[in-house]
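Undergrad: Below is the structure I would like to discuss, written out as structure tokens.
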Amino acid sequence: MDYMSISRRGFLKIVGAGSAGAIASRALPARGSENDFQGYPDRYGMLTDVTKCIGCRSCEAGCNAQNKLPKPDVPFEDLGVLDTKRRTTAKAYTVVNKYQPRSASEPVYRKMQCNHCNEPACVSACFVKALTKSKDGPVLWDEKLCVGCRYCMVACPFYIPAYEYDNALSPRVMKCTMCYDKIAKGDGAPACAEACPTEAITFGKRSDLLGLARKRISTAPDKYIDHIYGETEVGGLGWLYISHVPFDDVGLPTNLGNTPYPKFTKSALAAVPMIVVLWPVLLGGVYAFSQRRKAIDIKTREDAVANAISTTRDETQAKADQTKEAALKRAASQAENEKKKAVKEAVEKALEEAKNQGGEAPKEDGAK
């Protein structure tokens, strides 16, 4: 089959035919929310103590270096960027924002990044399982499986996943991975925690971090609000927070409830298994089709440029050959004229000399 010449309508017909077989052979995939998943035991997590953050952006610099991200538009030493509320992007997995809470006279700073939920909404929304919750705690993304639907961006209650819009051919979903490669090798804490000069960020087992947070709160009840943000919110987060000001004053939503978001889709998914099966096939095919079309467009442009260059080169060479040939003809004609002129002048000179000497003048060629 010539996939390069297939029409969009023809492609959809093929998808429809293939989907019928898929419905008969595939069952509804199991989802973590259906089993009341509460998170893997002994998983890692992070704790941010908002009272200790000074907004120095050292965590941003550490994250940037560890993940080999592009240099920021505003250098990390420039704290003026904190005057503008920012969100994570494909070039910045973590950002620090400055807040002015109602209950505080001085600004308060908080770092934001992927919160690595116990039951991630992004994982539930990803029908090709490009996003997964690892047993170690971090939520990971596999670019080999991603079809670029961006449902994860819509599903995340914290608006964290970012899309690489400036990469037209193979855009990626970019976000914090809790430096998974680093901690999987036992190579210390995530880069942001190691870079923090005030130890506002603590890395460890989530259960230990909850114990540490409770101890700080109980030891200094006047300093902290009696709540650990992320202990129960949306089923629990891998990134926990303690603070001396209300959490909504530092940009953390407090209206999410404690129910994991995937549970809200449980009954709907069970009721429409056909869509669950068809949708990955359809979108995966549309994605592949669009990628082929992009590749064809690029190849067409490259061929057009190559043909234009070749045509221009041939035309230039032909004109050069014509110019050379004309110049040679002009030179030959000029040489012939000069030769005839020289012969004529020589004959005339000889006649003149003979006449002056009184002798018989030489006969010109052809004379009788």
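Naming scheme: A, B, ... for chains in displayed order of the structure tokens; residues 1 onward per chain; ligands 1 onward as shown.
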Within 10 Å of region 223-238 of chain A, counting only C-alpha atoms, which residues qualify if same-chain residues fewer than 4 places away don't, as a ChimeraX atom specification?
TA: /A:36-39,43-51,114-121,137-139,157,178,205-207,209-210,213-214,216-219,242-247,252-263
Undergrad: Out of A:Glu348, A:Asp136, A:Tyr151, A:Ala65, which residue has the shortest atom-to-atom distance to Val123 (chain A) when counting only C-alpha atoms?
TA: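 Looking only at the distances to Val123 (chain A), the closest residue turns out to be A:Tyr151.
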Undergrad: Do a neighbour search on Met153 (chain A) at 9 Å with only C-alpha atoms, toss out local chain neighbours closer than 5 positions, and write the hits as a list in words.
TA: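 The residues that qualify are Cys122, Tyr159, Ile160, Pro161, Ala162, Tyr163 and Val173 of chain A.
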Undergrad: Next, write the just-selected residues to a file, as a PDB file, in the first residue's frame, keeping N, CA and C atoms as the atom set.
TA:
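Output below, filename again.pdb:
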```
ATOM      1  N   CYS A 122      -2.987  13.052  35.035  1.00  0.00           N
ATOM      2  CA  CYS A 122      -2.351  13.009  33.714  1.00  0.00           C
ATOM      3  C   CYS A 122      -2.156  11.578  33.236  1.00  0.00           C
ATOM      4  N   TYR A 159      -1.815  22.412  36.413  1.00  0.00           N
ATOM      5  CA  TYR A 159      -1.368  23.036  35.158  1.00  0.00           C
ATOM      6  C   TYR A 159       0.151  22.923  34.986  1.00  0.00           C
ATOM      7  N   ILE A 160       0.664  21.715  35.135  1.00  0.00           N
ATOM      8  CA  ILE A 160       2.117  21.528  35.110  1.00  0.00           C
ATOM      9  C   ILE A 160       2.670  21.069  33.754  1.00  0.00           C
ATOM     10  N   PRO A 161       2.170  19.998  33.138  1.00  0.00           N
ATOM     11  CA  PRO A 161       2.805  19.546  31.888  1.00  0.00           C
ATOM     12  C   PRO A 161       2.870  20.660  30.858  1.00  0.00           C
ATOM     13  N   ALA A 162       4.000  20.787  30.210  1.00  0.00           N
ATOM     14  CA  ALA A 162       4.198  21.818  29.190  1.00  0.00           C
ATOM     15  C   ALA A 162       4.500  21.146  27.859  1.00  0.00           C
ATOM     16  N   TYR A 163       4.128  21.811  26.779  1.00  0.00           N
ATOM     17  CA  TYR A 163       4.265  21.242  25.440  1.00  0.00           C
ATOM     18  C   TYR A 163       5.331  22.007  24.669  1.00  0.00           C
ATOM     19  N   VAL A 173       6.281  16.451  25.608  1.00  0.00           N
ATOM     20  CA  VAL A 173       5.657  16.933  26.831  1.00  0.00           C
ATOM     21  C   VAL A 173       6.767  17.017  27.870  1.00  0.00           C
TER      22      VAL A 173
END
```
Undergrad: Can you list, as a ChimeraX atom specification, every residue of region 42-170 of chain A that DSSP puts in strand (DSSP E)?
TA: /A:44-49,95-99,108-112,131-133,139-141,162-163
Undergrad: Tell me, which residues of region 116-318 of chain A carry DSSP alpha helix (DSSP H), written as a CSV table (one decimal) with C-alpha atoms, in the first residue's frame?
TA:
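Writing the result to states.csv gives the following:
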```
chain,number,residue,atom,x,y,z
A,121,ALA,CA,-4.8,12.7,36.6
A,122,CYS,CA,-2.4,13.0,33.7
A,123,VAL,CA,-1.6,9.3,33.8
A,124,SER,CA,-5.3,8.5,33.8
A,125,ALA,CA,-5.9,10.8,30.8
A,151,TYR,CA,-4.8,15.5,27.3
A,152,CYS,CA,-2.4,15.4,30.2
A,153,MET,CA,-2.2,19.2,30.1
A,154,VAL,CA,-5.9,19.5,30.4
A,155,ALA,CA,-6.2,16.8,33.1
A,180,TYR,CA,14.4,10.1,38.4
A,181,ASP,CA,17.6,9.1,36.6
A,182,LYS,CA,19.6,10.6,39.4
A,183,ILE,CA,17.8,9.0,42.3
A,184,ALA,CA,17.4,5.6,40.5
A,191,ALA,CA,19.1,18.8,41.9
A,192,CYS,CA,16.7,21.4,43.3
A,193,ALA,CA,17.1,20.0,46.8
A,194,GLU,CA,20.9,19.9,46.5
A,195,ALA,CA,21.1,23.4,45.2
A,206,ARG,CA,7.2,10.1,51.6
A,207,SER,CA,6.3,8.5,54.9
A,208,ASP,CA,9.4,10.0,56.5
A,209,LEU,CA,8.7,13.4,55.1
A,210,LEU,CA,5.2,13.3,56.5
A,211,GLY,CA,6.7,12.6,59.9
A,212,LEU,CA,9.2,15.4,59.5
A,213,ALA,CA,6.5,17.8,58.5
A,214,ARG,CA,4.3,16.9,61.5
A,215,LYS,CA,7.3,17.3,63.9
A,216,ARG,CA,8.0,20.8,62.6
A,217,ILE,CA,4.4,21.8,62.9
A,218,SER,CA,4.0,20.4,66.4
A,219,THR,CA,7.3,21.9,67.6
A,266,LYS,CA,-14.2,5.5,36.5
A,267,SER,CA,-17.9,5.0,35.7
A,268,ALA,CA,-17.7,6.8,32.4
A,269,LEU,CA,-14.8,4.7,31.2
A,270,ALA,CA,-16.6,1.5,32.1
A,271,ALA,CA,-19.7,2.6,30.2
A,273,PRO,CA,-15.2,0.8,26.4
A,274,MET,CA,-15.6,1.1,22.6
A,275,ILE,CA,-14.4,4.7,22.8
A,276,VAL,CA,-11.5,3.8,25.0
A,277,VAL,CA,-10.4,1.2,22.4
A,278,LEU,CA,-11.1,3.3,19.3
A,279,TRP,CA,-9.7,6.6,20.4
A,280,PRO,CA,-6.0,5.5,20.7
A,281,VAL,CA,-6.2,3.8,17.3
A,282,LEU,CA,-7.8,6.8,15.7
A,283,LEU,CA,-5.6,9.5,17.3
A,284,GLY,CA,-2.5,7.4,16.9
A,285,GLY,CA,-3.2,7.0,13.2
A,286,VAL,CA,-4.1,10.7,12.8
A,287,TYR,CA,-0.8,11.5,14.5
A,288,ALA,CA,1.2,9.1,12.2
A,289,PHE,CA,-0.7,10.4,9.2
A,290,SER,CA,0.1,14.0,10.0
A,291,GLN,CA,3.8,13.1,10.7
A,292,ARG,CA,4.0,11.5,7.2
A,293,ARG,CA,2.4,14.5,5.7
A,294,LYS,CA,4.9,16.8,7.4
A,295,ALA,CA,7.7,14.6,6.2
A,296,ILE,CA,6.3,14.7,2.6
A,297,ASP,CA,6.0,18.5,2.8
A,298,ILE,CA,9.6,18.8,3.9
A,299,LYS,CA,10.8,16.4,1.2
A,300,THR,CA,8.8,18.3,-1.4
A,301,ARG,CA,10.3,21.6,-0.3
A,302,GLU,CA,13.8,20.1,-0.3
A,303,ASP,CA,13.3,18.7,-3.8
A,304,ALA,CA,11.9,22.0,-5.1
A,305,VAL,CA,15.0,23.9,-3.7
A,306,ALA,CA,17.3,21.3,-5.2
A,307,ASN,CA,15.6,21.4,-8.6
A,308,ALA,CA,15.7,25.2,-8.6
A,309,ILE,CA,19.4,25.2,-7.8
A,310,SER,CA,20.0,22.6,-10.5
A,311,THR,CA,18.0,24.5,-13.1
A,312,THR,CA,19.7,27.8,-12.3
A,313,ARG,CA,23.1,26.1,-12.5
A,314,ASP,CA,22.3,24.5,-15.9
A,315,GLU,CA,20.9,27.8,-17.2
A,316,THR,CA,24.0,29.7,-16.0
A,317,GLN,CA,26.3,27.1,-17.6
A,318,ALA,CA,24.4,27.3,-20.9
```
Undergrad: Just the number, please: distance in Å from CA of Lys91 (chain A) to CA of Glu164 (chain A), one decimal.
TA: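 Between CA of Lys91 (chain A) and CA of Glu164 (chain A) the gap is 8.4 Å.
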Undergrad: With only C-alpha atoms as the atoms that count, which of A:Pro75, A:Gly204, A:Pro197, A:Pro221 lies nearest to Leu240 (chain A)?
TA: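 For Leu240 (chain A), the nearest of the candidates is A:Gly204.
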Undergrad: Using Å and a single decimal, report how far CA of Ala61 (chain A) sits from CA of Ala189 (chain A).
TA: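 Going from CA of Ala189 (chain A) over to CA of Ala61 (chain A) covers 15.1 Å.
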Undergrad: What are the nearest atom pairs, with distances in Å to one decimal, for all residues of region 175-285 of chain A that come at most 12 Å from region 84-87 of chain A, using only C-alpha atoms, set out by chain and rising residue number as a tab-separated table?
TA:
```
residue	atom	partner	partner_atom	distance
A:Lys175	CA	A:Arg87	CA	11.1
A:Val250	CA	A:Lys85	CA	10.9
A:Gly251	CA	A:Lys85	CA	9.7
```
